[in-house]
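Contents: one structure, followed by commentary.
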Amino acid sequence: MLSEAHRILKTVFGYDDFIFLQERVLENVLDRRDTLAVMPTGGGKSVCYQIPALLWEGLTVVVSPLISLMKDQVDQLLTLGVPAVMLNSSLSEEQYRSNVAAIRAGRARIVYMAPETARHPAVTDLLKSCSVQLIAIDEAHCISEWGPDFRPEYRRLAELRDAFPDAVCLALTATATPRVRRDILECLRMASAAEVVAGFNRENLFLKVDYKVDPLGQVLRVIGRFPGESGIIYCHTRRRVDSLCRSLRDRGIPAAAYHAGLDDARRRRAQELFVGDEIRVMVATVAFGMGIDKSNVRYVIHYDLPKNLEGYYQEIGRSGRDGLRAECVLLFSHADAAGRRRHIQHMEDPLLRRAAAAQLDAMVRFAETESCRRIPLLGYFGEETPEANCGMCDNCTEPDRPALDVTVPAQKLLSCVVRTGQRFGAGYVVSVLCGSKTKRILENRHHELSTHGIGTEYSPRGWRSLAECLTWRGLLERDSEFGALRLTREGWDVIRSRRPIHVRWHPPEEAVPGQVPDPDAEEAAFPRELFERLRKKRRESAKALGVPPYVIFSDRSLADMAARMPQTPEEMLAVHGVGEGKLERFGEDFLSVVRDFRREHPDVQPVPSASTPGPKLRASGRTGRHHQVAKAFNQGKSLDDLCRDFGVQKRTVLGHLRRFQMEGCALREEGLLEDVEVPAEVRRQVDEAFDRLGSDFLRPVYDALDGRVDYDTLNLLRLLHVNRRIREGESAGIPDGAARDSVTFVCMANSRKYAGRCIAGKLWDGCSPGPWIRPVGPGPTGELDPEQLHDELGEPIRLLDLVRAPVGRLRGPAHQPENRLLGDGPLRRVGNFPPDRVEELCDPVETLWAVGNSSFAGVNDRMSLEQTEQAPAGSLLFIEPENLAFRIALNSKGLKKVWAEFFFRGIPYRLSVTDPAVEAALLDKDPGVHPVAGRAFVTVSLSEPFEGHIYKLAAAVVRAADGREERK
């Protein structure tokens, strides 16, 4: 029967091989032997009961703790063509009856239900009318009183076993110590059951512990390493969840809150947004997560110390379920541990108090260990690590982190603790060291101490992190009740003997609070553009079916699809996670996306790999990967060196250098010439072709030369061609406004600006939109003369025109990195953007920069200059708002003015309109609100600074009717 199980694994689920101990569990179940299976999250537990359900005639009953988990599982099975239903309180009366009828008629092979439902007499009678072959109890650790998620109703599931003595019982969990496993077996009366423990080691999870010194900044840096990816941040209290969520949203990061203090509707909505990839960051208490079957969570951050290693393991297990690399970061603080210990001391039951203290000790040992972090983590569950160096934790990947000589700063800190009387916490001591003169310090006369102000070489965050290190080293300890620092015996010895102190400590980097750095991540080994197109198709398919995107295909499947670029159904079946059911239902839609991409990019070749790396997104801004590559190149690195150092192909390196040039920056020419292997005459012909046809696209030059020069060589020769133009412009003293290059962009804003006009759009390469660009004038505000916004025939440029513009180097304030000086010569209209693809121009954001700051007449329409500095780079966004309407009202001067009112991701906005076409159509109307019928898209732009603020403006409105865009 195992051979049939292998066949179903491939044809139905699309997997080539079983993972972990799936095959061993299946062997026991198919031999009709009760089994307790402990398998890691993402280890494929559900397959262990789904395959028997398809092999046996009869019904499989799955007891699951959460309605959301049941729905996800049923949705996934239905997309695979497996008949499955669920019975729970979320169903309407009609749906419930329909599912009962399906069970009675034998049309359902698998039924999911909650433990309360399973014990209902009517349900028991229903199941007795069927042939129940298998009872699967998911999250079985909920049975045990010693487990972290004990649920009393689970403990009575033994009654279900008694009602169906001939059915095989399969108990499944990802977290169970030996004690919990014994309790499960005893409660379910499975004394002769097989016990299969696959191990707790999740090899794809990178474990990292950081001292908590600047928690918000540390959180932002983790998020910055995974732009556009999903992550979960766990906090200990509801108040902290709400506060952190607000801080992230204020910085333009799409986040939702989840905790037990919210009503059911808000929690359900937050979960739906997160599961559906509409919200990327979930900030939550431990109330969130159990049973969340979201495969593409790329990181989990523990903002506060977890209660125990069981809870920590459960929570990090919600990341990387697709098998791709995920990061798990714990922000550790001895103050958090002391607070947890004080709470434990107030427990009345001595048995629970001892157990909680032992769990906390194990948690702290894990955080403080200098050896492989998997040793204490897996050891807690009774498992040995396979090797001393796992290669996937901070201690193993940085084993040679030097221990710094911190003798002098440590003596300063210890001395300040003594001189302030060992009565204050780290925050106060650090304030004295840094020279603060707060009222409390002045009242205590601590500004007169010799240690006052002697610590200016480090920031307060740096000193607090050193205090954490010295506490860990045993030189300091915290008062268990009030958290005051005091010296230990060893600390006093250090003070007296002045012996050297070496610790692994580095002063934290001084990033602007809230600023997200560009991730230093490896390039994906597949075309990023194709991956994003597949993602878009997945969103469309999921929306049409009303299911989460990962139910269609996981990110791992899409990454493998983008790497392999299948052209036929047979090739599609080789993609990870594509079985016959999904091929039949979704195959042609996704194959068409791949075929279109291959047609448009004939030079991009497949990368047939069974282990495609996880996708990463690049952040925008002036510190992107292309700047790193170009800087290394200009410092003397060859193209081959860059390929090796950055782990990417030469085509990717050339793309980075091209982006660097498009910002008006020159490259080291001799480095480019090293790789040119064509005759001088051919180079001359290529140069002439670029002069004649422009350098935006390679295909026209390729065709003009009858394909005699391949695309890789053309890519390199284009860099040389553009580089000479940049050099010639600099050496000839050409003014900044002169043309250095010509670019093609989609016109997405043509609005008024002071006494002039502003035009902006996204670069267009012939098949997909690129970054924003705003041609500007040389004046202080960058405005253009209205006559400059006409083409060579004198016709005005309109929205959605494809415009070719001569542009020069970057120019403008820091928050407007899209600005490029407009050169001499007219704009040229070279076509129109495909009207049925306007949605592709939308930016994937959840808020319009920071929110919560409104002007006299606007709503969320401005930001302070400080907020702008912390906002993501870029001052233009293209969005599809909700409930768009125009408000006509009188401004402070008594003149008619038009505002755009709308919601975006549930947040209200009222922005001043600067689109002349909208104003012309509305200013002769009476004051009031005028709703916009049908779909509409809005370009939102940030203004120049004005009286300490930067305003958000509705710079253009593109309306849609019956799928045909109405261009103005």
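Just so we're on the same page: first chain in the structure tokens is A, next is B, and so on; residues restart at 1 for each chain, and ligands are numbered from 1 in the order they show up.
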
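Taking only C-alpha atoms, the non-local environment of Leu170 of chain A within 8 Å (same-chain residues fewer than 3 positions away omitted) comprises Val29, Asp34, Thr35, Leu36, Ala37, Tyr49, Leu134, Ile135, Ala136 and Ile137 of chain A.
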
Tell me, which residues of segment 841-934 of chain A carry DSSP strand (DSSP E), written as a VMD selection string? chain A and resid 862 to 864 876 to 879 882 to 890 896 to 904 907 to 913 928 to 931

Restricting it to C-alpha atoms, dump the selection as a PDB file, in the first residue's frame.
ATOM      1  CA  ARG A 862       0.632  65.927   6.008  1.00  0.00           C
ATOM      2  CA  MET A 863       3.739  64.786   7.883  1.00  0.00           C
ATOM      3  CA  SER A 864       6.289  66.614   9.966  1.00  0.00           C
ATOM      4  CA  LEU A 876       5.165  59.153  -5.217  1.00  0.00           C
ATOM      5  CA  LEU A 877       2.613  56.364  -4.873  1.00  0.00           C
ATOM      6  CA  PHE A 878      -0.023  55.029  -7.271  1.00  0.00           C
ATOM      7  CA  ILE A 879      -2.969  53.386  -5.508  1.00  0.00           C
ATOM      8  CA  GLU A 882     -11.764  52.850  -1.624  1.00  0.00           C
ATOM      9  CA  ASN A 883     -14.896  55.046  -1.847  1.00  0.00           C
ATOM     10  CA  LEU A 884     -13.219  57.871  -3.744  1.00  0.00           C
ATOM     11  CA  ALA A 885     -15.161  61.152  -3.752  1.00  0.00           C
ATOM     12  CA  PHE A 886     -14.341  64.785  -4.464  1.00  0.00           C
ATOM     13  CA  ARG A 887     -15.235  67.442  -1.901  1.00  0.00           C
ATOM     14  CA  ILE A 888     -15.714  71.012  -3.130  1.00  0.00           C
ATOM     15  CA  ALA A 889     -15.433  73.567  -0.340  1.00  0.00           C
ATOM     16  CA  LEU A 890     -14.159  77.038   0.415  1.00  0.00           C
ATOM     17  CA  LYS A 896     -13.324  77.130  -4.028  1.00  0.00           C
ATOM     18  CA  LYS A 897     -10.965  74.219  -3.587  1.00  0.00           C
ATOM     19  CA  VAL A 898     -11.157  70.521  -4.470  1.00  0.00           C
ATOM     20  CA  TRP A 899     -10.165  67.733  -2.092  1.00  0.00           C
ATOM     21  CA  ALA A 900     -10.042  63.991  -2.754  1.00  0.00           C
ATOM     22  CA  GLU A 901     -11.688  61.945   0.009  1.00  0.00           C
ATOM     23  CA  PHE A 902     -11.152  58.193   0.222  1.00  0.00           C
ATOM     24  CA  PHE A 903     -10.184  55.238   2.378  1.00  0.00           C
ATOM     25  CA  PHE A 904      -7.048  53.213   1.720  1.00  0.00           C
ATOM     26  CA  ILE A 907      -7.458  54.491   6.774  1.00  0.00           C
ATOM     27  CA  PRO A 908      -9.301  57.749   5.869  1.00  0.00           C
ATOM     28  CA  TYR A 909      -7.605  60.471   3.806  1.00  0.00           C
ATOM     29  CA  ARG A 910      -8.636  63.910   2.532  1.00  0.00           C
ATOM     30  CA  LEU A 911      -5.970  65.345   0.218  1.00  0.00           C
ATOM     31  CA  SER A 912      -5.738  68.524  -1.779  1.00  0.00           C
ATOM     32  CA  VAL A 913      -6.197  67.849  -5.519  1.00  0.00           C
ATOM     33  CA  GLY A 928     -20.507  69.459  -1.561  1.00  0.00           C
ATOM     34  CA  VAL A 929     -19.342  65.874  -1.925  1.00  0.00           C
ATOM     35  CA  HIS A 930     -19.312  64.236  -5.362  1.00  0.00           C
ATOM     36  CA  PRO A 931     -18.730  60.445  -5.303  1.00  0.00           C
TER      37      PRO A 931
END

What's around Val82 of chain A at 10 Å? Count only C-alpha atoms, leave out sequence neighbours fewer than 2 positions away in its own chain, and write the answer as a ChimeraX atom specification. /A:12,50,53-54,74-80,84-85,108-110,581

Using only N, CA and C atoms, please write the residues we just selected to a file, as an mmCIF file, in the first residue's frame.
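Contents of again-v2.cif, as written:
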data_model
loop_
_atom_site.group_PDB
_atom_site.id
_atom_site.type_symbol
_atom_site.label_atom_id
_atom_site.label_comp_id
_atom_site.auth_asym_id
_atom_site.auth_seq_id
_atom_site.Cartn_x
_atom_site.Cartn_y
_atom_site.Cartn_z
ATOM 1 N N VAL A 12 -1.504 13.799 -6.504
ATOM 2 C CA VAL A 12 -2.469 14.688 -5.854
ATOM 3 C C VAL A 12 -1.782 15.911 -5.241
ATOM 4 N N GLN A 50 -4.344 12.483 5.375
ATOM 5 C CA GLN A 50 -5.037 12.753 4.111
ATOM 6 C C GLN A 50 -4.819 11.621 3.104
ATOM 7 N N ALA A 53 -6.967 8.650 3.966
ATOM 8 C CA ALA A 53 -8.363 8.971 3.645
ATOM 9 C C ALA A 53 -8.666 8.719 2.176
ATOM 10 N N LEU A 54 -7.671 8.907 1.307
ATOM 11 C CA LEU A 54 -7.868 8.677 -0.122
ATOM 12 C C LEU A 54 -7.681 7.218 -0.503
ATOM 13 N N VAL A 74 -9.585 22.650 4.495
ATOM 14 C CA VAL A 74 -10.635 22.243 3.559
ATOM 15 C C VAL A 74 -10.448 22.945 2.214
ATOM 16 N N ASP A 75 -10.140 24.241 2.251
ATOM 17 C CA ASP A 75 -9.910 24.980 1.003
ATOM 18 C C ASP A 75 -8.780 24.347 0.197
ATOM 19 N N GLN A 76 -7.701 23.990 0.869
ATOM 20 C CA GLN A 76 -6.567 23.396 0.162
ATOM 21 C C GLN A 76 -6.940 22.045 -0.433
ATOM 22 N N LEU A 77 -7.670 21.229 0.325
ATOM 23 C CA LEU A 77 -8.061 19.917 -0.189
ATOM 24 C C LEU A 77 -8.993 20.042 -1.392
ATOM 25 N N LEU A 78 -9.904 21.012 -1.331
ATOM 26 C CA LEU A 78 -10.822 21.185 -2.454
ATOM 27 C C LEU A 78 -10.083 21.636 -3.712
ATOM 28 N N THR A 79 -9.034 22.470 -3.562
ATOM 29 C CA THR A 79 -8.259 22.865 -4.748
ATOM 30 C C THR A 79 -7.504 21.673 -5.327
ATOM 31 N N LEU A 80 -7.249 20.659 -4.496
ATOM 32 C CA LEU A 80 -6.574 19.441 -4.968
ATOM 33 C C LEU A 80 -7.564 18.419 -5.505
ATOM 34 N N ALA A 84 -13.756 17.188 0.901
ATOM 35 C CA ALA A 84 -13.612 17.421 2.340
ATOM 36 C C ALA A 84 -14.635 18.451 2.780
ATOM 37 N N VAL A 85 -15.106 18.318 4.018
ATOM 38 C CA VAL A 85 -16.061 19.272 4.589
ATOM 39 C C VAL A 85 -15.659 19.536 6.031
ATOM 40 N N ALA A 108 -18.128 12.794 1.124
ATOM 41 C CA ALA A 108 -16.983 13.401 1.802
ATOM 42 C C ALA A 108 -16.048 12.305 2.296
ATOM 43 N N ARG A 109 -14.776 12.467 2.037
ATOM 44 C CA ARG A 109 -13.784 11.504 2.524
ATOM 45 C C ARG A 109 -13.166 11.962 3.845
ATOM 46 N N ILE A 110 -13.148 13.281 4.074
ATOM 47 C CA ILE A 110 -12.548 13.833 5.286
ATOM 48 C C ILE A 110 -13.503 14.869 5.872
ATOM 49 N N GLY A 581 -4.154 17.537 -9.679
ATOM 50 C CA GLY A 581 -5.330 18.342 -9.356
ATOM 51 C C GLY A 581 -5.074 19.827 -9.579
#

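With only C-alpha atoms as the atoms that count, the residue of A:Ala467, A:Ala102, A:Val132, A:Val111 with the shortest distance to Met86 of chain A is A:Val111.
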
Got a sec: who's within 12 Å of Phe633 of chain A, counting only C-alpha atoms, leaving out chain neighbours fewer than 2 positions off, as a list of chain:residue names? A:His626, A:His627, A:Gln628, A:Val629, A:Ala630, A:Lys631, A:Gln635, A:Gly636, A:Lys637, A:Ser638, A:Leu639, A:Asp640, A:Asp641, A:Leu642, A:Cys643, A:Asp645, A:Phe646, A:Val653, A:Leu654, A:His656, A:Leu657, A:Phe660, A:Ala666, A:Leu667, A:Arg668, A:Glu669, A:Glu670, A:Gly671, A:Leu672

Residues from the last selection, N, CA and C atoms, saved as a CSV table (one decimal), in the first residue's frame:
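File written: out-v1.csv
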chain,number,residue,atom,x,y,z
A,626,HIS,N,22.5,48.0,-6.0
A,626,HIS,CA,23.2,48.5,-7.1
A,626,HIS,C,24.3,49.5,-6.7
A,627,HIS,N,24.1,50.3,-5.7
A,627,HIS,CA,25.2,51.2,-5.2
A,627,HIS,C,26.3,50.4,-4.6
A,628,GLN,N,26.0,49.3,-3.9
A,628,GLN,CA,27.1,48.5,-3.4
A,628,GLN,C,27.9,47.8,-4.5
A,629,VAL,N,27.2,47.3,-5.5
A,629,VAL,CA,27.9,46.7,-6.6
A,629,VAL,C,28.8,47.7,-7.4
A,630,ALA,N,28.2,48.8,-7.7
A,630,ALA,CA,28.9,49.9,-8.4
A,630,ALA,C,30.1,50.4,-7.7
A,631,LYS,N,29.9,50.6,-6.4
A,631,LYS,CA,31.1,51.1,-5.6
A,631,LYS,C,32.2,50.1,-5.6
A,635,GLN,N,36.0,50.6,-7.4
A,635,GLN,CA,37.2,50.5,-6.5
A,635,GLN,C,38.1,49.5,-7.1
A,636,GLY,N,37.8,48.9,-8.2
A,636,GLY,CA,38.8,48.0,-8.9
A,636,GLY,C,38.3,46.6,-9.1
A,637,LYS,N,37.2,46.2,-8.5
A,637,LYS,CA,36.7,44.8,-8.7
A,637,LYS,C,36.3,44.5,-10.1
A,638,SER,N,36.7,43.4,-10.6
A,638,SER,CA,36.2,43.0,-12.0
A,638,SER,C,34.8,42.5,-12.0
A,639,LEU,N,34.2,42.3,-13.2
A,639,LEU,CA,32.9,41.7,-13.2
A,639,LEU,C,32.8,40.3,-12.6
A,640,ASP,N,33.9,39.5,-12.9
A,640,ASP,CA,33.9,38.2,-12.4
A,640,ASP,C,34.0,38.2,-10.8
A,641,ASP,N,34.8,39.2,-10.3
A,641,ASP,CA,34.9,39.3,-8.9
A,641,ASP,C,33.6,39.6,-8.3
A,642,LEU,N,32.8,40.5,-8.9
A,642,LEU,CA,31.5,40.8,-8.4
A,642,LEU,C,30.5,39.7,-8.4
A,643,CYS,N,30.6,38.9,-9.5
A,643,CYS,CA,29.7,37.7,-9.5
A,643,CYS,C,30.0,36.8,-8.4
A,645,ASP,N,31.7,37.6,-5.4
A,645,ASP,CA,31.5,38.2,-4.1
A,645,ASP,C,30.0,38.3,-3.8
A,646,PHE,N,29.1,38.6,-4.8
A,646,PHE,CA,27.7,38.8,-4.5
A,646,PHE,C,26.9,37.5,-4.8
A,653,VAL,N,24.8,41.5,-12.4
A,653,VAL,CA,25.8,42.6,-12.1
A,653,VAL,C,25.6,43.7,-13.1
A,654,LEU,N,25.5,43.4,-14.4
A,654,LEU,CA,25.4,44.4,-15.4
A,654,LEU,C,24.1,45.2,-15.2
A,656,HIS,N,22.7,45.9,-12.3
A,656,HIS,CA,23.0,46.8,-11.2
A,656,HIS,C,23.8,48.0,-11.7
A,657,LEU,N,24.8,47.8,-12.5
A,657,LEU,CA,25.6,48.9,-13.0
A,657,LEU,C,24.8,49.8,-13.9
A,660,PHE,N,22.8,52.1,-11.7
A,660,PHE,CA,23.8,53.1,-11.2
A,660,PHE,C,24.0,54.2,-12.2
A,666,ALA,N,29.0,57.8,-13.3
A,666,ALA,CA,29.9,57.2,-14.2
A,666,ALA,C,30.5,56.0,-13.6
A,667,LEU,N,30.9,55.0,-14.5
A,667,LEU,CA,31.6,53.8,-14.1
A,667,LEU,C,33.1,53.8,-14.5
A,668,ARG,N,33.8,52.9,-13.9
A,668,ARG,CA,35.3,52.7,-14.3
A,668,ARG,C,35.3,52.1,-15.7
A,669,GLU,N,35.7,52.9,-16.7
A,669,GLU,CA,35.6,52.4,-18.1
A,669,GLU,C,36.6,51.2,-18.4
A,670,GLU,N,37.8,51.3,-17.8
A,670,GLU,CA,38.7,50.2,-18.1
A,670,GLU,C,38.2,48.8,-17.6
A,671,GLY,N,37.4,48.9,-16.5
A,671,GLY,CA,36.8,47.7,-16.0
A,671,GLY,C,35.8,47.1,-17.0
A,672,LEU,N,35.1,47.9,-17.7
A,672,LEU,CA,34.1,47.4,-18.7
A,672,LEU,C,34.8,46.9,-19.9

Assign secondary structure with DSSP using the backbone only, and return the residues of segment 665-869 of chain A in alpha helix (DSSP H) as number ranges by chain. A: 669-673, 680-693, 699-704, 711-731, 865-869

Go ahead and save the residues from that selection, with C-alpha atoms, as a compact mmCIF listing (two decimals), in the first residue's frame.
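Okay, this is what ended up in result28.txt:
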# COMPACT_ATOMS: atom_id res chain seq x y z
CA GLU A 669 35.64 52.39 -18.08
CA GLU A 670 38.73 50.17 -18.10
CA GLY A 671 36.82 47.65 -15.99
CA LEU A 672 34.12 47.45 -18.67
CA LEU A 673 36.66 47.18 -21.50
CA ALA A 680 36.44 47.51 -32.98
CA GLU A 681 34.34 47.74 -36.15
CA VAL A 682 31.46 45.89 -34.49
CA ARG A 683 31.72 48.16 -31.45
CA ARG A 684 31.47 51.19 -33.74
CA GLN A 685 28.34 49.77 -35.40
CA VAL A 686 26.77 49.10 -32.00
CA ASP A 687 27.56 52.66 -30.87
CA GLU A 688 25.95 54.07 -33.99
CA ALA A 689 22.88 51.91 -33.44
CA PHE A 690 22.54 53.16 -29.85
CA ASP A 691 22.91 56.77 -31.08
CA ARG A 692 20.23 56.20 -33.70
CA LEU A 693 17.78 54.02 -31.73
CA ARG A 699 15.90 44.51 -28.92
CA PRO A 700 15.92 47.32 -31.59
CA VAL A 701 19.74 47.32 -31.63
CA TYR A 702 19.82 43.50 -31.71
CA ASP A 703 17.48 43.48 -34.70
CA ALA A 704 19.34 46.31 -36.48
CA TYR A 711 22.33 40.28 -25.62
CA ASP A 712 25.02 39.87 -22.95
CA THR A 713 27.54 41.70 -25.15
CA LEU A 714 25.00 44.38 -26.03
CA ASN A 715 24.34 44.87 -22.34
CA LEU A 716 28.03 45.49 -21.74
CA LEU A 717 28.44 47.77 -24.79
CA ARG A 718 25.44 49.80 -23.71
CA LEU A 719 27.18 50.51 -20.40
CA LEU A 720 30.22 51.77 -22.33
CA HIS A 721 28.05 53.88 -24.65
CA VAL A 722 26.14 55.56 -21.81
CA ASN A 723 29.30 55.92 -19.74
CA ARG A 724 30.98 57.96 -22.49
CA ARG A 725 27.98 60.27 -22.70
CA ILE A 726 28.13 60.84 -18.94
CA ARG A 727 31.90 61.50 -19.11
CA GLU A 728 31.56 63.82 -22.11
CA GLY A 729 28.87 65.81 -20.34
CA GLU A 730 31.08 66.29 -17.26
CA SER A 731 34.28 67.17 -19.16
CA LEU A 865 9.78 66.90 8.52
CA GLU A 866 10.99 64.39 11.15
CA GLN A 867 8.37 61.86 10.02
CA THR A 868 9.42 62.37 6.42
CA GLU A 869 13.03 61.55 7.28

Residue contacts of segment 601-607 of chain A (9 Å, only C-alpha atoms) excluding same-chain residues fewer than 4 positions away, as an NGL selection string: :A and (525-527 or 560 or 562-566 or 596-597 or 612 or 710-712)

Output for the residues just chosen: C-alpha atoms as a PDB file, in the first residue's frame:
ATOM      1  CA  ALA A 525      18.413  32.463  -8.459  1.00  0.00           C
ATOM      2  CA  PHE A 526      15.321  33.085 -10.575  1.00  0.00           C
ATOM      3  CA  PRO A 527      13.893  36.060 -12.483  1.00  0.00           C
ATOM      4  CA  ASP A 560      10.557  26.872  -8.347  1.00  0.00           C
ATOM      5  CA  ALA A 562      10.076  30.985 -11.883  1.00  0.00           C
ATOM      6  CA  ALA A 563      13.368  29.089 -11.901  1.00  0.00           C
ATOM      7  CA  ARG A 564      12.261  26.195 -14.118  1.00  0.00           C
ATOM      8  CA  MET A 565      10.021  28.292 -16.439  1.00  0.00           C
ATOM      9  CA  PRO A 566       7.845  25.331 -17.511  1.00  0.00           C
ATOM     10  CA  ASP A 596       4.478  35.462 -21.915  1.00  0.00           C
ATOM     11  CA  PHE A 597       7.589  36.176 -19.885  1.00  0.00           C
ATOM     12  CA  THR A 612      15.157  27.109  -5.267  1.00  0.00           C
ATOM     13  CA  ASP A 710      24.287  38.627 -28.409  1.00  0.00           C
ATOM     14  CA  TYR A 711      22.327  40.279 -25.617  1.00  0.00           C
ATOM     15  CA  ASP A 712      25.021  39.872 -22.950  1.00  0.00           C
TER      16      ASP A 712
END

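Relative to atom CA of Val168 of chain A, atom CA of Arg155 of chain A is found at 18.1 Å.
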
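Shortest atom-to-atom contact with Val957 of chain A among A:Ala921, A:Val430, A:Leu207, A:Leu799: A:Leu799, counting only C-alpha atoms.
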
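The space separating atom CA of Thr744 of chain A from atom CA of Leu763 of chain A comes to 5.8 Å.
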
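Distance check against Arg341 of chain A using only C-alpha atoms: of A:Gly425, A:Gly794, A:Tyr312, A:Gly483, the minimum falls on A:Gly483.
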